[in-house]
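This is protein_36.cif. It holds mmCIF, N, CA, C and O atoms.
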```
data_input
#
loop_
_atom_site.label_atom_id
_atom_site.label_comp_id
_atom_site.auth_asym_id
_atom_site.auth_seq_id
_atom_site.Cartn_x
_atom_site.Cartn_y
_atom_site.Cartn_z
N MET A 1 31.17 202.93 7.72
CA MET A 1 32.59 202.96 8.02
C MET A 1 33.24 203.93 7.02
O MET A 1 33.05 203.81 5.82
N THR A 2 34.02 204.85 7.56
CA THR A 2 34.69 205.81 6.68
C THR A 2 35.93 205.17 6.06
O THR A 2 36.43 204.16 6.57
N PRO A 3 36.42 205.74 4.98
CA PRO A 3 37.65 205.19 4.38
C PRO A 3 38.82 205.16 5.38
O PRO A 3 39.59 204.20 5.39
N GLN A 4 38.93 206.16 6.24
CA GLN A 4 40.01 206.18 7.22
C GLN A 4 39.85 205.06 8.24
O GLN A 4 40.82 204.42 8.64
N GLN A 5 38.62 204.80 8.66
CA GLN A 5 38.37 203.70 9.59
C GLN A 5 38.69 202.36 8.94
O GLN A 5 39.22 201.46 9.59
N PHE A 6 38.37 202.24 7.65
CA PHE A 6 38.68 201.01 6.94
C PHE A 6 40.19 200.81 6.86
O PHE A 6 40.69 199.70 7.06
N ARG A 7 40.94 201.88 6.59
CA ARG A 7 42.41 201.79 6.56
C ARG A 7 42.94 201.32 7.90
O ARG A 7 43.80 200.45 7.99
N HIS A 8 42.41 201.91 8.97
CA HIS A 8 42.88 201.57 10.31
C HIS A 8 42.55 200.10 10.61
O HIS A 8 43.39 199.37 11.16
N LEU A 9 41.35 199.67 10.27
CA LEU A 9 40.97 198.28 10.48
C LEU A 9 41.89 197.34 9.71
O LEU A 9 42.31 196.30 10.22
N THR A 10 42.24 197.71 8.50
CA THR A 10 43.15 196.91 7.68
C THR A 10 44.48 196.71 8.41
O THR A 10 44.99 195.60 8.52
N GLY A 11 45.04 197.81 8.90
CA GLY A 11 46.29 197.72 9.65
C GLY A 11 46.16 196.85 10.88
O GLY A 11 47.03 196.01 11.17
N GLU A 12 45.06 197.01 11.61
CA GLU A 12 44.83 196.20 12.81
C GLU A 12 44.74 194.71 12.48
O GLU A 12 45.32 193.88 13.17
N LEU A 13 44.00 194.37 11.44
CA LEU A 13 43.82 192.96 11.08
C LEU A 13 45.14 192.32 10.67
O LEU A 13 45.42 191.18 11.04
N ILE A 14 45.94 193.05 9.94
CA ILE A 14 47.25 192.53 9.53
C ILE A 14 48.12 192.27 10.76
O ILE A 14 48.73 191.21 10.90
N LEU A 15 48.15 193.22 11.68
CA LEU A 15 49.00 193.08 12.85
C LEU A 15 48.47 192.04 13.83
O LEU A 15 49.25 191.43 14.57
N ARG A 16 47.18 191.80 13.84
CA ARG A 16 46.64 190.72 14.68
C ARG A 16 47.06 189.36 14.12
O ARG A 16 47.30 188.42 14.88
N ALA A 17 47.14 189.27 12.81
CA ALA A 17 47.56 188.01 12.17
C ALA A 17 49.06 187.81 12.27
O ALA A 17 49.54 186.69 12.40
N ASP A 18 49.82 188.91 12.21
CA ASP A 18 51.29 188.84 12.26
C ASP A 18 51.78 190.08 13.00
O ASP A 18 51.90 191.16 12.41
N SER A 19 52.03 189.93 14.28
CA SER A 19 52.32 191.08 15.14
C SER A 19 53.56 191.88 14.77
O SER A 19 53.73 192.98 15.24
N GLY A 20 54.40 191.35 13.91
CA GLY A 20 55.60 192.07 13.52
C GLY A 20 55.55 192.65 12.12
O GLY A 20 56.56 193.12 11.60
N ALA A 21 54.39 192.67 11.52
CA ALA A 21 54.27 193.04 10.10
C ALA A 21 54.11 194.55 9.88
O ALA A 21 53.36 194.99 9.01
N TYR A 22 54.85 195.33 10.62
CA TYR A 22 54.74 196.79 10.49
C TYR A 22 55.14 197.27 9.10
O TYR A 22 54.53 198.19 8.56
N ALA A 23 56.15 196.65 8.51
CA ALA A 23 56.57 197.07 7.16
C ALA A 23 55.47 196.79 6.14
O ALA A 23 55.27 197.57 5.21
N VAL A 24 54.75 195.69 6.32
CA VAL A 24 53.64 195.36 5.42
C VAL A 24 52.56 196.43 5.53
O VAL A 24 52.04 196.93 4.53
N VAL A 25 52.21 196.78 6.78
CA VAL A 25 51.19 197.81 7.00
C VAL A 25 51.67 199.14 6.42
O VAL A 25 50.90 199.86 5.76
N GLN A 26 52.93 199.46 6.64
CA GLN A 26 53.49 200.70 6.11
C GLN A 26 53.32 200.77 4.59
O GLN A 26 52.85 201.77 4.06
N GLN A 27 53.67 199.71 3.92
CA GLN A 27 53.58 199.70 2.46
C GLN A 27 52.14 199.72 1.98
O GLN A 27 51.79 200.46 1.06
N LEU A 28 51.29 198.94 2.61
CA LEU A 28 49.89 198.87 2.20
C LEU A 28 49.17 200.20 2.39
O LEU A 28 48.40 200.63 1.54
N LEU A 29 49.45 200.85 3.51
CA LEU A 29 48.78 202.12 3.80
C LEU A 29 49.53 203.31 3.24
O LEU A 29 49.11 204.45 3.42
N ASP A 30 50.66 203.04 2.57
CA ASP A 30 51.45 204.07 1.89
C ASP A 30 51.98 205.13 2.86
O ASP A 30 51.99 206.32 2.56
N HIS A 31 52.42 204.67 4.03
CA HIS A 31 53.10 205.58 4.96
C HIS A 31 54.53 205.75 4.46
O HIS A 31 55.24 204.77 4.25
N ILE A 32 54.96 206.97 4.28
CA ILE A 32 56.31 207.24 3.79
C ILE A 32 57.35 206.80 4.81
O ILE A 32 58.38 206.25 4.47
N ASN A 33 57.07 207.04 6.07
CA ASN A 33 58.02 206.76 7.14
C ASN A 33 57.45 205.67 8.06
O ASN A 33 56.28 205.73 8.46
N LEU A 34 58.26 204.70 8.41
CA LEU A 34 57.83 203.63 9.32
C LEU A 34 57.41 204.20 10.67
O LEU A 34 56.54 203.64 11.33
N LYS A 35 57.98 205.32 11.06
CA LYS A 35 57.61 205.95 12.34
C LYS A 35 56.13 206.29 12.38
O LYS A 35 55.50 206.25 13.43
N THR A 36 55.55 206.65 11.24
CA THR A 36 54.12 206.93 11.17
C THR A 36 53.33 205.69 11.51
O THR A 36 52.38 205.73 12.32
N THR A 37 53.70 204.58 10.92
CA THR A 37 53.01 203.31 11.18
C THR A 37 53.15 202.94 12.65
O THR A 37 52.17 202.56 13.30
N LEU A 38 54.35 203.03 13.17
CA LEU A 38 54.59 202.68 14.57
C LEU A 38 53.80 203.59 15.51
O LEU A 38 53.26 203.13 16.52
N ALA A 39 53.70 204.87 15.18
CA ALA A 39 52.98 205.81 16.03
C ALA A 39 51.51 205.42 16.15
O ALA A 39 50.89 205.56 17.22
N PHE A 40 50.93 204.91 15.09
CA PHE A 40 49.51 204.55 15.10
C PHE A 40 49.25 203.16 15.66
O PHE A 40 48.19 202.92 16.24
N TYR A 41 50.17 202.24 15.48
CA TYR A 41 49.87 200.84 15.78
C TYR A 41 50.69 200.20 16.88
O TYR A 41 50.25 199.22 17.46
N ALA A 42 51.88 200.69 17.17
CA ALA A 42 52.74 200.02 18.15
C ALA A 42 52.13 200.00 19.54
O ALA A 42 52.15 198.98 20.22
N ALA A 43 51.56 201.10 19.98
CA ALA A 43 50.97 201.16 21.32
C ALA A 43 49.81 200.18 21.44
O ALA A 43 49.61 199.58 22.50
N GLU A 44 49.08 199.99 20.38
CA GLU A 44 47.93 199.08 20.41
C GLU A 44 48.35 197.62 20.44
O GLU A 44 47.54 196.75 20.73
N GLN A 45 49.60 197.35 20.16
CA GLN A 45 50.08 195.96 20.15
C GLN A 45 50.50 195.50 21.53
O GLN A 45 50.83 194.34 21.72
N ARG A 46 50.46 196.38 22.52
CA ARG A 46 50.84 195.98 23.88
C ARG A 46 49.97 194.84 24.38
O ARG A 46 50.45 193.91 25.03
N ARG A 47 48.68 194.92 24.11
CA ARG A 47 47.76 193.87 24.55
C ARG A 47 48.13 192.54 23.90
O ARG A 47 48.15 191.50 24.56
N ALA A 48 48.44 192.58 22.62
CA ALA A 48 48.84 191.36 21.91
C ALA A 48 50.14 190.80 22.49
O ALA A 48 50.29 189.59 22.65
N ALA A 49 51.06 191.69 22.82
CA ALA A 49 52.33 191.25 23.40
C ALA A 49 52.10 190.60 24.76
O ALA A 49 52.72 189.59 25.09
N GLY A 50 51.21 191.17 25.54
CA GLY A 50 50.88 190.58 26.83
C GLY A 50 50.27 189.20 26.68
O GLY A 50 50.57 188.29 27.47
N LYS A 51 49.44 189.01 25.67
CA LYS A 51 48.83 187.70 25.43
C LYS A 51 49.90 186.68 25.04
O LYS A 51 49.86 185.54 25.49
N VAL A 52 50.85 187.08 24.23
CA VAL A 52 51.94 186.18 23.84
C VAL A 52 52.71 185.74 25.08
O VAL A 52 52.99 184.55 25.27
N LEU A 53 53.01 186.69 25.95
CA LEU A 53 53.72 186.35 27.19
C LEU A 53 52.89 185.42 28.05
O LEU A 53 53.41 184.44 28.59
N ASP A 54 51.60 185.70 28.20
CA ASP A 54 50.72 184.82 28.97
C ASP A 54 50.74 183.40 28.42
O ASP A 54 50.80 182.43 29.17
N ASP A 55 50.69 183.27 27.10
CA ASP A 55 50.71 181.95 26.46
C ASP A 55 52.02 181.21 26.74
O ASP A 55 52.02 180.01 27.00
N ILE A 56 53.13 181.94 26.71
CA ILE A 56 54.44 181.33 26.98
C ILE A 56 54.50 180.84 28.42
O ILE A 56 54.91 179.71 28.69
N VAL A 57 54.08 181.69 29.35
CA VAL A 57 54.12 181.32 30.77
C VAL A 57 53.21 180.12 31.02
O VAL A 57 53.59 179.17 31.72
N GLU A 58 52.01 180.15 30.46
CA GLU A 58 51.07 179.04 30.66
C GLU A 58 51.63 177.74 30.09
O GLU A 58 51.51 176.68 30.71
N ALA A 59 52.25 177.80 28.92
CA ALA A 59 52.84 176.60 28.32
C ALA A 59 53.94 176.04 29.21
O ALA A 59 54.06 174.82 29.38
N ARG A 60 54.73 176.90 29.80
CA ARG A 60 55.81 176.43 30.69
C ARG A 60 55.26 175.85 31.98
O ARG A 60 55.82 174.91 32.53
N ARG A 61 54.18 176.42 32.47
CA ARG A 61 53.57 175.90 33.69
C ARG A 61 53.03 174.49 33.49
O ARG A 61 53.02 173.69 34.41
N GLN A 62 52.57 174.22 32.31
CA GLN A 62 51.94 172.93 32.03
C GLN A 62 52.94 171.82 31.77
O GLN A 62 52.57 170.65 31.78
N ARG A 63 54.19 172.17 31.54
CA ARG A 63 55.22 171.15 31.37
C ARG A 63 55.49 170.46 32.68
O ARG A 63 55.54 171.09 33.72
N LYS A 64 55.71 169.17 32.60
CA LYS A 64 56.09 168.44 33.80
C LYS A 64 57.58 168.65 34.05
O LYS A 64 58.36 168.67 33.10
N PRO A 65 57.97 168.78 35.32
CA PRO A 65 59.39 168.95 35.60
C PRO A 65 60.19 167.72 35.16
O PRO A 65 59.70 166.60 35.28
N ALA A 66 61.37 167.95 34.69
CA ALA A 66 62.23 166.84 34.25
C ALA A 66 62.68 166.05 35.46
O ALA A 66 63.00 166.60 36.52
N LYS A 67 62.68 164.73 35.33
CA LYS A 67 63.16 163.87 36.42
C LYS A 67 64.67 163.83 36.39
O LYS A 67 65.27 163.70 35.34
N THR A 68 65.25 163.95 37.56
CA THR A 68 66.72 163.90 37.63
C THR A 68 67.20 162.69 38.35
O THR A 68 66.53 162.00 39.01
#
```

Same coordinates, now as structure tokens:
Amino acid sequence: MTPQQFRHLTGELILRADSGAYAVVQQLLDHINLKTTLAFYAAEQRRAAGKVLDDIVEARRQRKPAKT
């Protein structure tokens, strides 16, 4: 694994654990501009965002309707 691949993996692991931690990744990888971090990682978070939505929809489906 090259140093650059290790850096990228580090960013990925952080964002998998906390999908909104772009500022943390920016600081850790020493990106001067947050746009750099977003350019590399935001597009890859679409899958994670889709999973979050799937989980929300599934949780709502499993709720029993309220009795009126």

Picked residues, the PyMOL selection byres ((chain A and resi 23-25) around 8), as a PyMOL selection string: chain A and resi 7+10-12+14-15+18+20-22+26-31+34+37

Distance of atom O of A:Asp55 from atom O of A:His8, expressed in Å to one decimal place: 26.5 Å

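For the pair atom CA of A:Thr2 and atom O of A:Thr36, the separation is 18.6 Å.
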
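With atom O of A:Phe6 on one side and atom O of A:Ala48 on the other, the separation reads 20.9 Å.
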
DSSP alpha helix (DSSP H) residues within chain A, as a PyMOL selection string: chain A and resi 3-17+22-28+34-41+46-62

Where is the centre and how long are the edges: axis-aligned box on stretch 4-9 of chain A, 6 Å on each side, Å to one decimal, as lines of an AutoDock Vina configuration file:
```
center_x = 41.1
center_y = 201.2
center_z = 8.7
size_x = 17.4
size_y = 21.9
size_z = 16.9
```

Can you give me all heavy atoms for stretch 18-29 of chain A, written as a PDB file, in the frame of the given file?
```pdb
ATOM      1  N   ASP A  18      49.820 188.910  12.210  1.00  0.00           N
ATOM      2  CA  ASP A  18      51.290 188.840  12.260  1.00  0.00           C
ATOM      3  C   ASP A  18      51.780 190.080  13.000  1.00  0.00           C
ATOM      4  O   ASP A  18      51.900 191.160  12.410  1.00  0.00           O
ATOM      5  CB  ASP A  18      51.857 188.787  10.837  1.00  0.00           C
ATOM      6  CG  ASP A  18      53.375 188.687  10.815  1.00  0.00           C
ATOM      7  OD1 ASP A  18      54.012 188.778  11.883  1.00  0.00           O
ATOM      8  OD2 ASP A  18      53.926 188.521   9.716  1.00  0.00           O
ATOM      9  N   SER A  19      52.030 189.930  14.280  1.00  0.00           N
ATOM     10  CA  SER A  19      52.320 191.080  15.140  1.00  0.00           C
ATOM     11  C   SER A  19      53.560 191.880  14.770  1.00  0.00           C
ATOM     12  O   SER A  19      53.730 192.980  15.240  1.00  0.00           O
ATOM     13  CB  SER A  19      52.410 190.634  16.599  1.00  0.00           C
ATOM     14  OG  SER A  19      53.476 189.724  16.760  1.00  0.00           O
ATOM     15  N   GLY A  20      54.400 191.350  13.910  1.00  0.00           N
ATOM     16  CA  GLY A  20      55.600 192.070  13.520  1.00  0.00           C
ATOM     17  C   GLY A  20      55.550 192.650  12.120  1.00  0.00           C
ATOM     18  O   GLY A  20      56.560 193.120  11.600  1.00  0.00           O
ATOM     19  N   ALA A  21      54.390 192.670  11.520  1.00  0.00           N
ATOM     20  CA  ALA A  21      54.270 193.040  10.100  1.00  0.00           C
ATOM     21  C   ALA A  21      54.110 194.550   9.880  1.00  0.00           C
ATOM     22  O   ALA A  21      53.360 194.990   9.010  1.00  0.00           O
ATOM     23  CB  ALA A  21      53.101 192.287   9.469  1.00  0.00           C
ATOM     24  N   TYR A  22      54.850 195.330  10.620  1.00  0.00           N
ATOM     25  CA  TYR A  22      54.740 196.790  10.490  1.00  0.00           C
ATOM     26  C   TYR A  22      55.140 197.270   9.100  1.00  0.00           C
ATOM     27  O   TYR A  22      54.530 198.190   8.560  1.00  0.00           O
ATOM     28  CB  TYR A  22      55.578 197.491  11.559  1.00  0.00           C
ATOM     29  CG  TYR A  22      55.018 197.305  12.934  1.00  0.00           C
ATOM     30  CD1 TYR A  22      55.578 196.382  13.814  1.00  0.00           C
ATOM     31  CD2 TYR A  22      53.914 198.016  13.352  1.00  0.00           C
ATOM     32  CE1 TYR A  22      55.051 196.194  15.076  1.00  0.00           C
ATOM     33  CE2 TYR A  22      53.377 197.839  14.613  1.00  0.00           C
ATOM     34  CZ  TYR A  22      53.951 196.922  15.460  1.00  0.00           C
ATOM     35  OH  TYR A  22      53.421 196.732  16.712  1.00  0.00           O
ATOM     36  N   ALA A  23      56.150 196.650   8.510  1.00  0.00           N
ATOM     37  CA  ALA A  23      56.570 197.070   7.160  1.00  0.00           C
ATOM     38  C   ALA A  23      55.470 196.790   6.140  1.00  0.00           C
ATOM     39  O   ALA A  23      55.270 197.570   5.210  1.00  0.00           O
ATOM     40  CB  ALA A  23      57.865 196.358   6.765  1.00  0.00           C
ATOM     41  N   VAL A  24      54.750 195.690   6.320  1.00  0.00           N
ATOM     42  CA  VAL A  24      53.640 195.360   5.420  1.00  0.00           C
ATOM     43  C   VAL A  24      52.560 196.430   5.530  1.00  0.00           C
ATOM     44  O   VAL A  24      52.040 196.930   4.530  1.00  0.00           O
ATOM     45  CB  VAL A  24      53.063 193.960   5.729  1.00  0.00           C
ATOM     46  CG1 VAL A  24      51.806 193.698   4.922  1.00  0.00           C
ATOM     47  CG2 VAL A  24      54.104 192.895   5.472  1.00  0.00           C
ATOM     48  N   VAL A  25      52.210 196.780   6.780  1.00  0.00           N
ATOM     49  CA  VAL A  25      51.190 197.810   7.000  1.00  0.00           C
ATOM     50  C   VAL A  25      51.670 199.140   6.420  1.00  0.00           C
ATOM     51  O   VAL A  25      50.900 199.860   5.760  1.00  0.00           O
ATOM     52  CB  VAL A  25      50.860 197.947   8.497  1.00  0.00           C
ATOM     53  CG1 VAL A  25      49.921 199.115   8.752  1.00  0.00           C
ATOM     54  CG2 VAL A  25      50.251 196.649   9.018  1.00  0.00           C
ATOM     55  N   GLN A  26      52.930 199.460   6.640  1.00  0.00           N
ATOM     56  CA  GLN A  26      53.490 200.700   6.110  1.00  0.00           C
ATOM     57  C   GLN A  26      53.320 200.770   4.590  1.00  0.00           C
ATOM     58  O   GLN A  26      52.850 201.770   4.060  1.00  0.00           O
ATOM     59  CB  GLN A  26      54.973 200.818   6.462  1.00  0.00           C
ATOM     60  CG  GLN A  26      55.634 202.037   5.832  1.00  0.00           C
ATOM     61  CD  GLN A  26      57.152 201.983   5.909  1.00  0.00           C
ATOM     62  OE1 GLN A  26      57.737 200.972   6.292  1.00  0.00           O
ATOM     63  NE2 GLN A  26      57.784 203.065   5.542  1.00  0.00           N
ATOM     64  N   GLN A  27      53.670 199.710   3.920  1.00  0.00           N
ATOM     65  CA  GLN A  27      53.580 199.700   2.460  1.00  0.00           C
ATOM     66  C   GLN A  27      52.140 199.720   1.980  1.00  0.00           C
ATOM     67  O   GLN A  27      51.790 200.460   1.060  1.00  0.00           O
ATOM     68  CB  GLN A  27      54.304 198.475   1.897  1.00  0.00           C
ATOM     69  CG  GLN A  27      55.802 198.545   2.091  1.00  0.00           C
ATOM     70  CD  GLN A  27      56.502 197.287   1.655  1.00  0.00           C
ATOM     71  OE1 GLN A  27      55.892 196.372   1.117  1.00  0.00           O
ATOM     72  NE2 GLN A  27      57.798 197.219   1.889  1.00  0.00           N
ATOM     73  N   LEU A  28      51.290 198.940   2.610  1.00  0.00           N
ATOM     74  CA  LEU A  28      49.890 198.870   2.200  1.00  0.00           C
ATOM     75  C   LEU A  28      49.170 200.200   2.390  1.00  0.00           C
ATOM     76  O   LEU A  28      48.400 200.630   1.540  1.00  0.00           O
ATOM     77  CB  LEU A  28      49.166 197.767   2.973  1.00  0.00           C
ATOM     78  CG  LEU A  28      47.730 197.510   2.560  1.00  0.00           C
ATOM     79  CD1 LEU A  28      47.678 196.997   1.120  1.00  0.00           C
ATOM     80  CD2 LEU A  28      47.081 196.519   3.487  1.00  0.00           C
ATOM     81  N   LEU A  29      49.450 200.850   3.510  1.00  0.00           N
ATOM     82  CA  LEU A  29      48.780 202.120   3.800  1.00  0.00           C
ATOM     83  C   LEU A  29      49.530 203.310   3.240  1.00  0.00           C
ATOM     84  O   LEU A  29      49.110 204.450   3.420  1.00  0.00           O
ATOM     85  CB  LEU A  29      48.570 202.273   5.305  1.00  0.00           C
ATOM     86  CG  LEU A  29      47.711 201.189   5.963  1.00  0.00           C
ATOM     87  CD1 LEU A  29      47.525 201.481   7.439  1.00  0.00           C
ATOM     88  CD2 LEU A  29      46.374 201.034   5.263  1.00  0.00           C
TER      89      LEU A  29
END
```
